[in-house]
Amino acid sequence: MQHLTTVKDLRTFVRESRAKGKTVSFVPTMGALHDGHLALVRAGMDCADICIPYIFVNPAQFAPHEDFDSYPRTVEADLDKLGVAGVQAVYLPKGKEDVYPEGFATTVSVSGVSEPLEGAFRPHFFAGVATVVTKMLLRSLPDIALFGEKDWQQLQVIKRLTADLDIPVEIRGVPIVRDENGLALSSRNAYLDEEQYRTALSLNRTLFAMADKVRSGQDQSEIESWGAAQLTDAGFEKVDYCTIRNASTLQKTNDNSDDTLRILAAAWVGKARLIDNVAA
Ligand code: AMP
């Protein structure tokens with residue numbers, strides 16, 4: 001597996017792959033790889049001849065009070081997993097000076113879809129994500145880039161920005177990978193102790209139960225209040241949101257027959273802020 005660490009290496013690798021008639025997919029990650037990330041890599045290997053994952057813990061998407069410093073960093077284990085998966089090359093930007101050199105002054109900001117939910121609770125977050133993803137797509141110019149449905153709103157923001165900025169890359173979503181109890185895999189699950197893990201399980205169970213209630217025609221506001229109460233009763237200390245939205249715009253809708261509804265929640269247990277979502 002080749003380690004590409006400079007933009008020049010990355011571009012040369014992509015150009016030479018293309019010259020051999022090969023298609024290229026790209027999988028952005030912040031490392032601490034688990035089976036959710038590896039599902040993206042496998043999907044990337046299935047849909048293109050060459051899949052290039054990258055690992056970069058992006059400081060621009062963390063607020064000063066958030067967990068940038070303590071975010072799990074397991075690069076050696078990550079590289080082992082990518083090697084076992086059969087990846088031919090991984091992109092490892094050298095650090096924040098490489099991505100945000102002195103004088104860096106540009107921010108990509110997506111209005112509309114990035115404003116509610118995560119955008120409301122983490123105001124810096126989507127600008128940080130949109131800026132780094134734009135840079136990384138322009139650095140690599142792959143045929144396809146893959147993102148997890150786990151971060152549903154992020155996926156919609158990235159689809160919006162690539163369409164708006166005419167970035168010639170197809171964006172594909174990959175379904176959420178869950179553990180045997182239904183908890184969506186997340187690098188932040190490493191923060192959970194046993195009791196918090198039990199609380200965490202109520203997140204996916206509540207969302208799936210809410211989806212059943214939507215299908216049976218119940219009132220959306222009542223379902224949302226019920227869902228938030230379930231999470232609090234199960235031990236979540238704070239529920240940022242637990243809501244039913246149009247799947248692409250993330251706006252509220254009271255129409256249960258809308259066949260593109262998504263139910264999304266974010267809630268705190270201990271120092272972990274967990275997010276999850278399901279189709280309704
Ligand atoms: P992260 O390293 O957490 O920024 O995630 C990198 C990519 O992996 C993002 O596109 C995430 O949506 C995706 N991802 C993370 N966890 C999962 C999961 N459990 N299932 C599917 N995709 C995931």
# chains A, B, ... in the order shown; residues from 1 in each chain; ligands from 1

call {"tool": "closest_atom_pairs", "arguments": {"of": "range 144-236 of chain A", "to": "range 266-273 of chain A", "cutoff": "9 Å", "atoms": "only C-alpha atoms", "output": "Markdown table"}}
result
| residue | atom | partner | partner_atom | distance |
| --- | --- | --- | --- | --- |
| A:Arg188 | CA | A:Ala272 | CA | 6.2 |
| A:Asn189 | CA | A:Ala272 | CA | 7.2 |
| A:Ala190 | CA | A:Ala272 | CA | 8.7 |
| A:Tyr191 | CA | A:Ala272 | CA | 6.1 |
| A:Leu192 | CA | A:Ala272 | CA | 7.0 |
| A:Asp193 | CA | A:Gly270 | CA | 8.9 |
| A:Gln196 | CA | A:Val269 | CA | 6.3 |
| A:Tyr197 | CA | A:Val269 | CA | 8.8 |
| A:Thr199 | CA | A:Val269 | CA | 7.5 |
| A:Ala200 | CA | A:Val269 | CA | 7.3 |
| A:Leu203 | CA | A:Ala267 | CA | 8.3 |
| A:Leu231 | CA | A:Ala267 | CA | 7.9 |
| A:Thr232 | CA | A:Ala267 | CA | 9.0 |
| A:Gly235 | CA | A:Val269 | CA | 7.3 |
| A:Phe236 | CA | A:Val269 | CA | 5.0 |

call {"tool": "write_last_selection", "arguments": {"atoms": "N, CA and C atoms", "output": "mmCIF file, in the first residue's frame"}}
result
data_model
loop_
_atom_site.group_PDB
_atom_site.id
_atom_site.type_symbol
_atom_site.label_atom_id
_atom_site.label_comp_id
_atom_site.auth_asym_id
_atom_site.auth_seq_id
_atom_site.Cartn_x
_atom_site.Cartn_y
_atom_site.Cartn_z
ATOM 1 N N ARG A 188 -16.411 7.834 18.310
ATOM 2 C CA ARG A 188 -16.707 8.381 19.639
ATOM 3 C C ARG A 188 -17.349 7.343 20.569
ATOM 4 N N ASN A 189 -17.744 6.177 20.037
ATOM 5 C CA ASN A 189 -18.267 5.125 20.936
ATOM 6 C C ASN A 189 -17.180 4.672 21.912
ATOM 7 N N ALA A 190 -15.916 4.936 21.557
ATOM 8 C CA ALA A 190 -14.796 4.578 22.439
ATOM 9 C C ALA A 190 -14.903 5.315 23.777
ATOM 10 N N TYR A 191 -15.656 6.413 23.820
ATOM 11 C CA TYR A 191 -15.793 7.172 25.063
ATOM 12 C C TYR A 191 -16.776 6.521 26.049
ATOM 13 N N LEU A 192 -17.565 5.518 25.587
ATOM 14 C CA LEU A 192 -18.682 5.018 26.401
ATOM 15 C C LEU A 192 -18.239 3.944 27.393
ATOM 16 N N ASP A 193 -18.672 4.061 28.672
ATOM 17 C CA ASP A 193 -18.491 2.929 29.585
ATOM 18 C C ASP A 193 -19.714 2.012 29.438
ATOM 19 N N GLN A 196 -23.144 3.657 29.980
ATOM 20 C CA GLN A 196 -23.419 4.618 28.902
ATOM 21 C C GLN A 196 -23.719 3.894 27.588
ATOM 22 N N TYR A 197 -23.059 2.755 27.383
ATOM 23 C CA TYR A 197 -23.328 1.966 26.172
ATOM 24 C C TYR A 197 -24.792 1.513 26.168
ATOM 25 N N THR A 199 -27.286 2.977 27.621
ATOM 26 C CA THR A 199 -28.078 4.178 27.287
ATOM 27 C C THR A 199 -28.023 4.436 25.778
ATOM 28 N N ALA A 200 -26.813 4.326 25.229
ATOM 29 C CA ALA A 200 -26.611 4.630 23.808
ATOM 30 C C ALA A 200 -27.506 3.769 22.911
ATOM 31 N N LEU A 203 -30.801 4.934 21.447
ATOM 32 C CA LEU A 203 -30.862 5.894 20.340
ATOM 33 C C LEU A 203 -31.422 5.230 19.076
ATOM 34 N N LEU A 231 -35.387 9.043 25.028
ATOM 35 C CA LEU A 231 -33.920 9.171 25.140
ATOM 36 C C LEU A 231 -33.541 9.660 26.533
ATOM 37 N N THR A 232 -34.284 10.624 27.042
ATOM 38 C CA THR A 232 -33.982 11.148 28.375
ATOM 39 C C THR A 232 -34.213 10.057 29.417
ATOM 40 N N GLY A 235 -31.451 7.662 29.863
ATOM 41 C CA GLY A 235 -30.212 8.114 30.496
ATOM 42 C C GLY A 235 -29.421 9.137 29.700
ATOM 43 N N PHE A 236 -29.894 9.518 28.504
ATOM 44 C CA PHE A 236 -29.202 10.611 27.805
ATOM 45 C C PHE A 236 -29.361 11.880 28.626
#

call {"tool": "closest_atom_pairs", "arguments": {"of": "chain A", "to": "ligand 1", "cutoff": "7 Å", "atoms": "only C-alpha atoms and all ligand atoms", "output": "CSV"}}
result
residue,atom,partner,partner_atom_place_in_ligand_line,distance
A:Pro28,CA,ligand 1,6 (C),5.7
A:Thr29,CA,ligand 1,6 (C),3.7
A:Met30,CA,ligand 1,2 (O),3.7
A:Gly31,CA,ligand 1,2 (O),5.3
A:Ala32,CA,ligand 1,2 (O),6.9
A:Leu33,CA,ligand 1,2 (O),7.0
A:Gly36,CA,ligand 1,18 (C),3.7
A:His37,CA,ligand 1,8 (O),4.6
A:Ala39,CA,ligand 1,21 (C),6.7
A:Leu40,CA,ligand 1,22 (N),6.4
A:Leu146,CA,ligand 1,10 (O),6.6
A:Phe147,CA,ligand 1,10 (O),3.4
A:Gly148,CA,ligand 1,12 (O),3.2
A:Glu149,CA,ligand 1,12 (O),5.5
A:Lys150,CA,ligand 1,12 (O),4.7
A:Asp151,CA,ligand 1,12 (O),4.4
A:Val174,CA,ligand 1,21 (C),6.0
A:Pro175,CA,ligand 1,21 (C),5.6
A:Ile176,CA,ligand 1,20 (N),3.5
A:Val177,CA,ligand 1,20 (N),3.9
A:Arg178,CA,ligand 1,19 (N),5.7
A:Ala184,CA,ligand 1,19 (N),4.6
A:Leu185,CA,ligand 1,19 (N),3.7
A:Ser186,CA,ligand 1,16 (N),4.9
A:Ser187,CA,ligand 1,3 (O),6.2

call {"tool": "write_last_selection", "arguments": {"atoms": "C-alpha atoms", "output": "PDB file, in the first residue's frame"}}
result
ATOM      1  CA  PRO A  28     -12.451  10.860   3.463  1.00  0.00           C
ATOM      2  CA  THR A  29     -12.041   9.868   7.132  1.00  0.00           C
ATOM      3  CA  MET A  30     -10.639  11.214  10.366  1.00  0.00           C
ATOM      4  CA  GLY A  31      -9.109   7.829  11.199  1.00  0.00           C
ATOM      5  CA  ALA A  32      -9.787   5.639  14.259  1.00  0.00           C
ATOM      6  CA  LEU A  33     -11.153   3.327  11.600  1.00  0.00           C
ATOM      7  CA  GLY A  36     -18.293   1.648   9.242  1.00  0.00           C
ATOM      8  CA  HIS A  37     -15.283   3.291   7.598  1.00  0.00           C
ATOM      9  CA  ALA A  39     -17.669  -0.444   4.537  1.00  0.00           C
ATOM     10  CA  LEU A  40     -17.027   2.853   2.733  1.00  0.00           C
ATOM     11  CA  LEU A 146     -18.041   8.056  -0.696  1.00  0.00           C
ATOM     12  CA  PHE A 147     -19.578   9.332   2.530  1.00  0.00           C
ATOM     13  CA  GLY A 148     -21.525   7.508   5.246  1.00  0.00           C
ATOM     14  CA  GLU A 149     -25.252   7.935   5.753  1.00  0.00           C
ATOM     15  CA  LYS A 150     -24.343   7.964   9.451  1.00  0.00           C
ATOM     16  CA  ASP A 151     -23.665  11.674   8.912  1.00  0.00           C
ATOM     17  CA  VAL A 174     -23.124   4.295   2.062  1.00  0.00           C
ATOM     18  CA  PRO A 175     -25.669   2.814   4.536  1.00  0.00           C
ATOM     19  CA  ILE A 176     -24.971   2.992   8.266  1.00  0.00           C
ATOM     20  CA  VAL A 177     -23.028   0.084   9.763  1.00  0.00           C
ATOM     21  CA  ARG A 178     -24.332  -0.871  13.223  1.00  0.00           C
ATOM     22  CA  ALA A 184     -24.273   2.986  14.814  1.00  0.00           C
ATOM     23  CA  LEU A 185     -20.495   2.476  14.811  1.00  0.00           C
ATOM     24  CA  SER A 186     -18.639   5.673  15.657  1.00  0.00           C
ATOM     25  CA  SER A 187     -15.104   6.547  16.692  1.00  0.00           C
TER      26      SER A 187
END

call {"tool": "closest_residue", "arguments": {"among": "A:Ala48, A:Val214, A:Ala234, A:Val157", "to": "Phe125 in chain A", "atoms": "only C-alpha atoms"}}
result
A:Val157

call {"tool": "closest_residue", "arguments": {"among": "A:Val113, A:Ala77, A:Leu137, A:Ala209", "to": "Asn246 in chain A", "atoms": "only C-alpha atoms"}}
result
A:Val113

call {"tool": "residues_around", "arguments": {"residues": "range 158-169 of chain A", "least_positions_apart": "3", "cutoff": "8 Å", "atoms": "only C-alpha atoms", "output": "ChimeraX atom specification"}}
result
/A:110,130,133-134,137-138,141-145,154-155

call {"tool": "write_last_selection", "arguments": {"atoms": "C-alpha atoms", "output": "PDB file, in the first residue's frame"}}
result
ATOM      1  CA  VAL A 110     -23.247  26.130   2.264  1.00  0.00           C
ATOM      2  CA  ALA A 130     -17.268  21.834   3.469  1.00  0.00           C
ATOM      3  CA  VAL A 133     -13.919  18.282   1.579  1.00  0.00           C
ATOM      4  CA  THR A 134     -13.760  20.862  -1.220  1.00  0.00           C
ATOM      5  CA  LEU A 137     -11.836  16.721  -3.776  1.00  0.00           C
ATOM      6  CA  LEU A 138      -9.931  19.355  -5.742  1.00  0.00           C
ATOM      7  CA  LEU A 141     -10.334  14.859  -8.415  1.00  0.00           C
ATOM      8  CA  PRO A 142     -11.583  11.268  -8.104  1.00  0.00           C
ATOM      9  CA  ASP A 143     -14.437   9.840 -10.156  1.00  0.00           C
ATOM     10  CA  ILE A 144     -16.468   9.017  -7.048  1.00  0.00           C
ATOM     11  CA  ALA A 145     -16.260  10.062  -3.382  1.00  0.00           C
ATOM     12  CA  GLN A 154     -23.192  16.094   6.032  1.00  0.00           C
ATOM     13  CA  LEU A 155     -23.898  13.897   2.999  1.00  0.00           C
TER      14      LEU A 155
END

call {"tool": "closest_residue", "arguments": {"among": "A:Ser248, A:Thr74, A:Ser25, A:Asn181", "to": "Asp49 in chain A", "atoms": "only C-alpha atoms"}}
result
A:Ser25

call {"tool": "residues_around", "arguments": {"residues": "Thr253 in chain A", "least_positions_apart": "4", "cutoff": "12 Å", "atoms": "only C-alpha atoms", "output": "CSV table (one decimal) with N, CA, C and O atoms, in the first residue's frame"}}
result
chain,number,residue,atom,x,y,z
A,214,VAL,N,-44.4,7.0,12.4
A,214,VAL,CA,-44.7,7.8,11.3
A,214,VAL,C,-45.5,7.0,10.3
A,214,VAL,O,-46.5,7.5,9.7
A,219,ASP,N,-49.2,11.8,14.6
A,219,ASP,CA,-48.8,13.2,14.4
A,219,ASP,C,-47.2,13.4,14.7
A,219,ASP,O,-46.7,12.9,15.7
A,220,GLN,N,-46.6,14.1,13.8
A,220,GLN,CA,-45.1,14.2,13.8
A,220,GLN,C,-44.6,14.9,15.1
A,220,GLN,O,-43.6,14.5,15.7
A,221,SER,N,-45.3,16.0,15.6
A,221,SER,CA,-44.8,16.6,16.8
A,221,SER,C,-44.9,15.7,18.0
A,221,SER,O,-44.0,15.7,18.9
A,243,THR,N,-35.9,14.5,15.6
A,243,THR,CA,-36.8,15.2,14.8
A,243,THR,C,-37.0,14.5,13.4
A,243,THR,O,-36.2,13.7,13.0
A,244,ILE,N,-38.2,14.8,12.8
A,244,ILE,CA,-38.5,14.2,11.5
A,244,ILE,C,-38.4,15.3,10.5
A,244,ILE,O,-39.0,16.4,10.6
A,245,ARG,N,-37.7,15.0,9.4
A,245,ARG,CA,-37.4,16.0,8.4
A,245,ARG,C,-37.5,15.5,7.0
A,245,ARG,O,-37.4,14.3,6.8
A,246,ASN,N,-37.6,16.4,6.0
A,246,ASN,CA,-37.4,16.0,4.6
A,246,ASN,C,-36.0,15.5,4.5
A,246,ASN,O,-35.0,16.2,5.0
A,247,ALA,N,-35.8,14.4,3.8
A,247,ALA,CA,-34.4,13.8,3.8
A,247,ALA,C,-33.4,14.6,3.0
A,247,ALA,O,-32.2,14.5,3.4
A,248,SER,N,-33.8,15.4,2.1
A,248,SER,CA,-32.8,16.2,1.3
A,248,SER,C,-32.6,17.6,1.9
A,248,SER,O,-31.5,18.1,1.9
A,249,THR,N,-33.7,18.3,2.2
A,249,THR,CA,-33.6,19.7,2.6
A,249,THR,C,-33.3,19.8,4.1
A,249,THR,O,-32.9,20.9,4.6
A,257,SER,N,-46.9,11.2,4.4
A,257,SER,CA,-46.9,10.4,3.2
A,257,SER,C,-45.7,10.8,2.3
A,257,SER,O,-45.4,10.1,1.3
A,258,ASP,N,-45.0,11.8,2.7
A,258,ASP,CA,-43.7,12.2,2.0
A,258,ASP,C,-42.8,11.0,2.1
A,258,ASP,O,-42.5,10.5,3.2
A,259,ASP,N,-42.4,10.4,0.9
A,259,ASP,CA,-41.6,9.2,1.0
A,259,ASP,C,-40.2,9.5,1.1
A,259,ASP,O,-39.3,8.6,1.0
A,260,THR,N,-39.8,10.7,1.4
A,260,THR,CA,-38.4,11.0,1.6
A,260,THR,C,-38.2,11.6,3.0
A,260,THR,O,-37.6,12.6,3.2
A,261,LEU,N,-38.8,11.0,4.0
A,261,LEU,CA,-38.6,11.5,5.4
A,261,LEU,C,-37.4,10.8,6.0
A,261,LEU,O,-37.1,9.6,5.7
A,262,ARG,N,-36.7,11.6,6.9
A,262,ARG,CA,-35.6,11.0,7.6
A,262,ARG,C,-35.8,11.4,9.1
A,262,ARG,O,-36.2,12.6,9.4
A,263,ILE,N,-35.5,10.5,10.0
A,263,ILE,CA,-35.6,10.8,11.4
A,263,ILE,C,-34.2,10.9,12.0
A,263,ILE,O,-33.4,10.0,11.8

call {"tool": "residues_around", "arguments": {"residues": "Ala127 in chain A", "least_positions_apart": "3", "cutoff": "6 Å", "atoms": "only C-alpha atoms", "output": "compact mmCIF listing (two decimals) with N, CA, C and O atoms, in the first residue's frame"}}
result
# COMPACT_ATOMS: atom_id res chain seq x y z
N VAL A 108 -15.56 27.59 2.71
CA VAL A 108 -16.69 27.21 1.87
C VAL A 108 -17.90 27.10 2.79
O VAL A 108 -17.89 26.33 3.77
N SER A 109 -18.91 27.89 2.51
CA SER A 109 -20.07 27.88 3.39
C SER A 109 -21.32 27.59 2.58
O SER A 109 -21.57 28.22 1.55
N HIS A 124 -19.81 26.10 13.69
CA HIS A 124 -18.55 26.09 12.93
C HIS A 124 -18.43 24.84 12.05
O HIS A 124 -17.60 24.77 11.16
N ALA A 130 -17.13 21.46 4.89
CA ALA A 130 -17.27 21.83 3.47
C ALA A 130 -15.94 22.33 2.92
O ALA A 130 -15.57 22.02 1.78
N THR A 131 -15.18 23.07 3.72
CA THR A 131 -13.90 23.60 3.25
C THR A 131 -12.90 22.47 3.03
O THR A 131 -12.27 22.37 1.98

call {"tool": "residues_around", "arguments": {"residues": "Val132 in chain A", "least_positions_apart": "5", "cutoff": "8 Å", "atoms": "only C-alpha atoms", "output": "VMD selection string"}}
result
chain A and resid 58 60 99

call {"tool": "decode", "arguments": {"residues": "range 91-120 of chain A", "atoms": "N, CA, C and O atoms", "output": "PDB file, in the first residue's frame"}}
result
ATOM      1  N   TYR A  91      -4.026   8.306   1.426  1.00  0.00           N
ATOM      2  CA  TYR A  91      -3.536   9.684   1.446  1.00  0.00           C
ATOM      3  C   TYR A  91      -3.476  10.161   2.893  1.00  0.00           C
ATOM      4  O   TYR A  91      -4.478  10.108   3.611  1.00  0.00           O
ATOM      5  N   LEU A  92      -2.282  10.576   3.322  1.00  0.00           N
ATOM      6  CA  LEU A  92      -2.069  11.027   4.699  1.00  0.00           C
ATOM      7  C   LEU A  92      -1.503  12.446   4.656  1.00  0.00           C
ATOM      8  O   LEU A  92      -0.275  12.620   4.646  1.00  0.00           O
ATOM      9  N   PRO A  93      -2.373  13.469   4.559  1.00  0.00           N
ATOM     10  CA  PRO A  93      -1.838  14.835   4.559  1.00  0.00           C
ATOM     11  C   PRO A  93      -0.942  15.019   5.780  1.00  0.00           C
ATOM     12  O   PRO A  93      -1.223  14.467   6.847  1.00  0.00           O
ATOM     13  N   LYS A  94       0.125  15.812   5.617  1.00  0.00           N
ATOM     14  CA  LYS A  94       1.168  15.856   6.656  1.00  0.00           C
ATOM     15  C   LYS A  94       0.735  16.541   7.942  1.00  0.00           C
ATOM     16  O   LYS A  94       1.380  16.399   8.964  1.00  0.00           O
ATOM     17  N   GLY A  95      -0.331  17.274   7.922  1.00  0.00           N
ATOM     18  CA  GLY A  95      -0.735  17.937   9.161  1.00  0.00           C
ATOM     19  C   GLY A  95      -1.488  19.193   8.813  1.00  0.00           C
ATOM     20  O   GLY A  95      -1.707  19.496   7.633  1.00  0.00           O
ATOM     21  N   LYS A  96      -1.865  19.940   9.852  1.00  0.00           N
ATOM     22  CA  LYS A  96      -2.739  21.070   9.548  1.00  0.00           C
ATOM     23  C   LYS A  96      -2.023  22.167   8.759  1.00  0.00           C
ATOM     24  O   LYS A  96      -2.663  22.889   8.004  1.00  0.00           O
ATOM     25  N   GLU A  97      -0.680  22.246   8.858  1.00  0.00           N
ATOM     26  CA  GLU A  97       0.039  23.274   8.077  1.00  0.00           C
ATOM     27  C   GLU A  97      -0.027  22.950   6.576  1.00  0.00           C
ATOM     28  O   GLU A  97       0.039  23.845   5.741  1.00  0.00           O
ATOM     29  N   ASP A  98      -0.137  21.677   6.258  1.00  0.00           N
ATOM     30  CA  ASP A  98      -0.244  21.292   4.849  1.00  0.00           C
ATOM     31  C   ASP A  98      -1.619  21.681   4.301  1.00  0.00           C
ATOM     32  O   ASP A  98      -1.751  22.172   3.183  1.00  0.00           O
ATOM     33  N   VAL A  99      -2.648  21.461   5.117  1.00  0.00           N
ATOM     34  CA  VAL A  99      -4.012  21.705   4.632  1.00  0.00           C
ATOM     35  C   VAL A  99      -4.384  23.186   4.796  1.00  0.00           C
ATOM     36  O   VAL A  99      -5.059  23.761   3.937  1.00  0.00           O
ATOM     37  N   TYR A 100      -3.938  23.793   5.888  1.00  0.00           N
ATOM     38  CA  TYR A 100      -4.248  25.211   6.155  1.00  0.00           C
ATOM     39  C   TYR A 100      -2.948  25.983   6.367  1.00  0.00           C
ATOM     40  O   TYR A 100      -2.610  26.355   7.490  1.00  0.00           O
ATOM     41  N   PRO A 101      -2.189  26.217   5.292  1.00  0.00           N
ATOM     42  CA  PRO A 101      -0.903  26.903   5.468  1.00  0.00           C
ATOM     43  C   PRO A 101      -1.107  28.353   5.916  1.00  0.00           C
ATOM     44  O   PRO A 101      -2.207  28.890   5.800  1.00  0.00           O
ATOM     45  N   GLU A 102      -0.055  28.920   6.409  1.00  0.00           N
ATOM     46  CA  GLU A 102      -0.046  30.317   6.828  1.00  0.00           C
ATOM     47  C   GLU A 102      -0.732  31.183   5.760  1.00  0.00           C
ATOM     48  O   GLU A 102      -0.439  31.058   4.566  1.00  0.00           O
ATOM     49  N   GLY A 103      -1.655  32.018   6.184  1.00  0.00           N
ATOM     50  CA  GLY A 103      -2.325  32.915   5.243  1.00  0.00           C
ATOM     51  C   GLY A 103      -3.611  32.343   4.665  1.00  0.00           C
ATOM     52  O   GLY A 103      -4.336  33.043   3.948  1.00  0.00           O
ATOM     53  N   PHE A 104      -3.912  31.105   5.001  1.00  0.00           N
ATOM     54  CA  PHE A 104      -5.139  30.484   4.484  1.00  0.00           C
ATOM     55  C   PHE A 104      -6.348  31.327   4.902  1.00  0.00           C
ATOM     56  O   PHE A 104      -6.498  31.646   6.080  1.00  0.00           O
ATOM     57  N   ALA A 105      -7.220  31.677   3.946  1.00  0.00           N
ATOM     58  CA  ALA A 105      -8.264  32.656   4.280  1.00  0.00           C
ATOM     59  C   ALA A 105      -9.613  32.341   3.642  1.00  0.00           C
ATOM     60  O   ALA A 105     -10.492  33.202   3.613  1.00  0.00           O
ATOM     61  N   THR A 106      -9.781  31.119   3.134  1.00  0.00           N
ATOM     62  CA  THR A 106     -11.005  30.824   2.382  1.00  0.00           C
ATOM     63  C   THR A 106     -11.882  29.835   3.137  1.00  0.00           C
ATOM     64  O   THR A 106     -11.386  28.847   3.679  1.00  0.00           O
ATOM     65  N   THR A 107     -13.162  30.110   3.167  1.00  0.00           N
ATOM     66  CA  THR A 107     -14.105  29.182   3.801  1.00  0.00           C
ATOM     67  C   THR A 107     -15.207  28.856   2.801  1.00  0.00           C
ATOM     68  O   THR A 107     -15.713  29.752   2.134  1.00  0.00           O
ATOM     69  N   VAL A 108     -15.557  27.592   2.711  1.00  0.00           N
ATOM     70  CA  VAL A 108     -16.694  27.205   1.874  1.00  0.00           C
ATOM     71  C   VAL A 108     -17.900  27.100   2.792  1.00  0.00           C
ATOM     72  O   VAL A 108     -17.887  26.333   3.767  1.00  0.00           O
ATOM     73  N   SER A 109     -18.912  27.893   2.505  1.00  0.00           N
ATOM     74  CA  SER A 109     -20.072  27.882   3.394  1.00  0.00           C
ATOM     75  C   SER A 109     -21.324  27.585   2.576  1.00  0.00           C
ATOM     76  O   SER A 109     -21.571  28.216   1.545  1.00  0.00           O
ATOM     77  N   VAL A 110     -22.064  26.584   2.999  1.00  0.00           N
ATOM     78  CA  VAL A 110     -23.247  26.130   2.264  1.00  0.00           C
ATOM     79  C   VAL A 110     -24.468  26.591   3.052  1.00  0.00           C
ATOM     80  O   VAL A 110     -24.626  26.202   4.210  1.00  0.00           O
ATOM     81  N   SER A 111     -25.310  27.399   2.459  1.00  0.00           N
ATOM     82  CA  SER A 111     -26.478  27.837   3.242  1.00  0.00           C
ATOM     83  C   SER A 111     -27.613  26.835   3.071  1.00  0.00           C
ATOM     84  O   SER A 111     -27.478  25.837   2.369  1.00  0.00           O
ATOM     85  N   GLY A 112     -28.730  27.074   3.725  1.00  0.00           N
ATOM     86  CA  GLY A 112     -29.892  26.189   3.603  1.00  0.00           C
ATOM     87  C   GLY A 112     -29.696  24.888   4.335  1.00  0.00           C
ATOM     88  O   GLY A 112     -29.840  24.808   5.560  1.00  0.00           O
ATOM     89  N   VAL A 113     -29.292  23.863   3.597  1.00  0.00           N
ATOM     90  CA  VAL A 113     -29.252  22.509   4.158  1.00  0.00           C
ATOM     91  C   VAL A 113     -28.292  22.391   5.348  1.00  0.00           C
ATOM     92  O   VAL A 113     -28.463  21.524   6.217  1.00  0.00           O
ATOM     93  N   SER A 114     -27.292  23.268   5.437  1.00  0.00           N
ATOM     94  CA  SER A 114     -26.351  23.130   6.559  1.00  0.00           C
ATOM     95  C   SER A 114     -26.787  23.920   7.788  1.00  0.00           C
ATOM     96  O   SER A 114     -26.113  23.873   8.815  1.00  0.00           O
ATOM     97  N   GLU A 115     -27.927  24.621   7.706  1.00  0.00           N
ATOM     98  CA  GLU A 115     -28.270  25.519   8.814  1.00  0.00           C
ATOM     99  C   GLU A 115     -28.974  24.861  10.001  1.00  0.00           C
ATOM    100  O   GLU A 115     -28.632  25.149  11.143  1.00  0.00           O
ATOM    101  N   PRO A 116     -29.961  23.957   9.791  1.00  0.00           N
ATOM    102  CA  PRO A 116     -30.624  23.389  10.971  1.00  0.00           C
ATOM    103  C   PRO A 116     -29.783  22.288  11.629  1.00  0.00           C
ATOM    104  O   PRO A 116     -28.654  22.010  11.205  1.00  0.00           O
ATOM    105  N   LEU A 117     -30.307  21.689  12.675  1.00  0.00           N
ATOM    106  CA  LEU A 117     -29.763  20.469  13.308  1.00  0.00           C
ATOM    107  C   LEU A 117     -28.275  20.615  13.652  1.00  0.00           C
ATOM    108  O   LEU A 117     -27.928  21.427  14.483  1.00  0.00           O
ATOM    109  N   GLU A 118     -27.394  19.865  13.015  1.00  0.00           N
ATOM    110  CA  GLU A 118     -25.970  19.961  13.358  1.00  0.00           C
ATOM    111  C   GLU A 118     -25.480  21.403  13.206  1.00  0.00           C
ATOM    112  O   GLU A 118     -24.655  21.878  13.986  1.00  0.00           O
ATOM    113  N   GLY A 119     -25.978  22.086  12.166  1.00  0.00           N
ATOM    114  CA  GLY A 119     -25.554  23.468  11.912  1.00  0.00           C
ATOM    115  C   GLY A 119     -25.959  24.393  13.047  1.00  0.00           C
ATOM    116  O   GLY A 119     -25.243  25.346  13.371  1.00  0.00           O
ATOM    117  N   ALA A 120     -27.103  24.125  13.660  1.00  0.00           N
ATOM    118  CA  ALA A 120     -27.580  24.977  14.757  1.00  0.00           C
ATOM    119  C   ALA A 120     -26.796  24.691  16.036  1.00  0.00           C
ATOM    120  O   ALA A 120     -26.490  25.607  16.800  1.00  0.00           O
TER     121      ALA A 120
END
